[in-house]
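**Student:** First, the structure itself, so that you have it in front of you.
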Amino acid sequence: MPTGPAETDVELVRRAAAGDRDAFAAIYERHRTVVYRFARLMSGSDATADDVTQEVFVTLIHTLPSYEPRRAGLLTYLYGVARNVTRNRLRKDRRFVALDSAATTSAGDPHDAATRAQERTLLRRAILSLPSRYREVIILSDVQGLAYAEAARVLHVPVGTVRSRLSRGRQMIARRLGTADAPGRVSAVPRVEGCVV
């Protein structure tokens, strides 16, 4: 049975757990980009992000029968799996893969485009240089836009811990980028105009 655009994650999970391949494909299409982006920002590697994304959805196939939507939304669950898989992968590799070079296309000023690409690369490096407990909260809250409560559920920590890690992580990034005016004045990860971290 084909999936409808308004079909909820809960309905898709129920159908996928019953063996409906179209429902699982819809879950994958709906959430793969977010999982990939999280893994890419955590690892700094396209190849690692591809592997993590694949492993997250293979894990989901195996855990669908035990997944309980009342405990956490599907995206929260997928972030949690992606977090664990990425951490395990990085521990196994015992290194961070160098950032892939990002090609920038722009119809505007080439100098401006090059400057934005350089700023984006510096921001990615600053995020990658953070200890994982700060990096993951920056990615979840500032980059992916999760509310504090949702990030707390993904990380299995209190909301206050998310807030304090976010504040500390932002300060560390600001220092690394040389943008800290005064302690405590950094409100979010610096954004590069027109660029996605």
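FYI, nothing fancy with the structure tokens labels: chains A, B, ... in order, residues from 1 per chain, ligands from 1 as they appear.
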Against segment 150-172 of chain A, which residues of segment 32-82 of chain A fall within 10 Å? For each one I want the closest pair of atoms and the distance in Å (one decimal), counting only C-alpha atoms, rows by chain and increasing residue number, as JSON lines.
**Tutor:**
```
{"residue": "A:Arg71", "atom": "CA", "partner": "A:Arg153", "partner_atom": "CA", "distance": 9.4}
{"residue": "A:Ala72", "atom": "CA", "partner": "A:Arg153", "partner_atom": "CA", "distance": 7.6}
{"residue": "A:Gly73", "atom": "CA", "partner": "A:Glu150", "partner_atom": "CA", "distance": 9.2}
{"residue": "A:Leu75", "atom": "CA", "partner": "A:Val154", "partner_atom": "CA", "distance": 9.1}
{"residue": "A:Thr76", "atom": "CA", "partner": "A:Val154", "partner_atom": "CA", "distance": 5.6}
{"residue": "A:Tyr77", "atom": "CA", "partner": "A:Val154", "partner_atom": "CA", "distance": 6.9}
{"residue": "A:Leu78", "atom": "CA", "partner": "A:Val154", "partner_atom": "CA", "distance": 8.6}
{"residue": "A:Tyr79", "atom": "CA", "partner": "A:Val154", "partner_atom": "CA", "distance": 6.2}
{"residue": "A:Gly80", "atom": "CA", "partner": "A:Val154", "partner_atom": "CA", "distance": 5.0}
{"residue": "A:Val81", "atom": "CA", "partner": "A:Val154", "partner_atom": "CA", "distance": 8.8}
{"residue": "A:Ala82", "atom": "CA", "partner": "A:Val154", "partner_atom": "CA", "distance": 9.8}
```
**Student:** Can you tell me, as a tab-separated table (two decimals) with N, CA and C atoms, in the first residue's frame, what residues are no more than 10 Å from segment 86-88 of chain A when counting only C-alpha atoms, ignoring any on the same chain fewer than 4 positions away?
**Tutor:**
```tsv
chain	number	residue	atom	x	y	z
A	38	PHE	N	23.72	14.89	10.68
A	38	PHE	CA	24.21	14.76	12.05
A	38	PHE	C	25.52	13.98	12.06
A	39	ALA	N	25.55	12.84	11.40
A	39	ALA	CA	26.75	12.00	11.37
A	39	ALA	C	27.91	12.72	10.68
A	40	ARG	N	27.61	13.49	9.63
A	40	ARG	CA	28.64	14.23	8.90
A	40	ARG	C	29.27	15.30	9.78
A	42	MET	N	29.28	15.34	13.09
A	42	MET	CA	29.97	14.70	14.22
A	42	MET	C	31.31	14.11	13.80
A	43	SER	N	31.38	13.57	12.60
A	43	SER	CA	32.59	12.86	12.18
A	43	SER	C	33.51	13.68	11.29
A	48	THR	N	32.17	8.35	6.43
A	48	THR	CA	31.69	7.91	7.74
A	48	THR	C	30.20	8.19	7.87
A	49	ALA	N	29.76	9.35	7.42
A	49	ALA	CA	28.34	9.71	7.50
A	49	ALA	C	27.49	8.74	6.68
A	51	ASP	N	28.25	5.57	6.03
A	51	ASP	CA	28.24	4.30	6.77
A	51	ASP	C	27.33	4.37	7.99
A	52	VAL	N	27.41	5.48	8.72
A	52	VAL	CA	26.57	5.64	9.92
A	52	VAL	C	25.10	5.65	9.53
A	53	THR	N	24.76	6.38	8.48
A	53	THR	CA	23.36	6.45	8.04
A	53	THR	C	22.85	5.07	7.69
A	55	GLU	N	23.98	2.19	8.79
A	55	GLU	CA	23.88	1.39	10.01
A	55	GLU	C	22.69	1.79	10.88
A	56	VAL	N	22.38	3.08	10.92
A	56	VAL	CA	21.23	3.55	11.69
A	56	VAL	C	19.95	2.92	11.17
A	80	GLY	N	19.39	9.32	18.55
A	80	GLY	CA	20.07	8.54	19.58
A	80	GLY	C	20.88	7.40	19.00
A	81	VAL	N	20.31	6.68	18.04
A	81	VAL	CA	21.03	5.59	17.38
A	81	VAL	C	22.23	6.16	16.62
A	82	ALA	N	22.02	7.25	15.89
A	82	ALA	CA	23.10	7.88	15.12
A	82	ALA	C	24.22	8.34	16.05
A	92	LYS	N	36.45	3.55	17.28
A	92	LYS	CA	37.10	2.48	16.52
A	92	LYS	C	38.20	3.05	15.62
A	93	ASP	N	37.88	4.13	14.95
A	93	ASP	CA	38.87	4.75	14.06
A	93	ASP	C	39.98	5.44	14.83
A	94	ARG	N	39.65	5.91	16.03
A	94	ARG	CA	40.59	6.63	16.90
A	94	ARG	C	41.20	7.86	16.24
A	132	SER	N	33.25	15.57	22.26
A	132	SER	CA	31.98	15.08	21.72
A	132	SER	C	30.76	15.54	22.52
```
**Student:** Measuring atom to atom with only C-alpha atoms, identify which of A:Pro65, A:Ile173, A:Gly145, A:Gly19 is nearest to Leu128 of chain A.
**Tutor:**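 Closest residue, counting only C-alpha atoms: A:Ile173.
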**Student:** Expressed in Å to a single decimal, how great is the separation between atom CA of Asp142 of chain A and atom CA of Arg30 of chain A?
**Tutor:**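 Here the two named atoms are 20.8 Å from each other.
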**Student:** From the options A:Ile27, A:Ala16, A:Ile61, A:Leu177, which residue's atoms come nearest to Arg120 of chain A, counting only C-alpha atoms?
**Tutor:**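 Counting only C-alpha atoms, the residue closest to Arg120 of chain A is A:Leu177.
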**Student:** If you run DSSP over the backbone, which residues in segment 17-173 of chain A end up helix (DSSP H, G or I)? Put them as an MDAnalysis selection string.
**Tutor:** chainID A and resid 17 21:43 46:66 74:93 110:129 132:143 148:155 159:173
**Student:** Which residue is closest to Asp20 of chain A? Choose from A:Arg70, A:Tyr148, A:Glu119, A:Leu64 and count only C-alpha atoms.
**Tutor:** A:Leu64
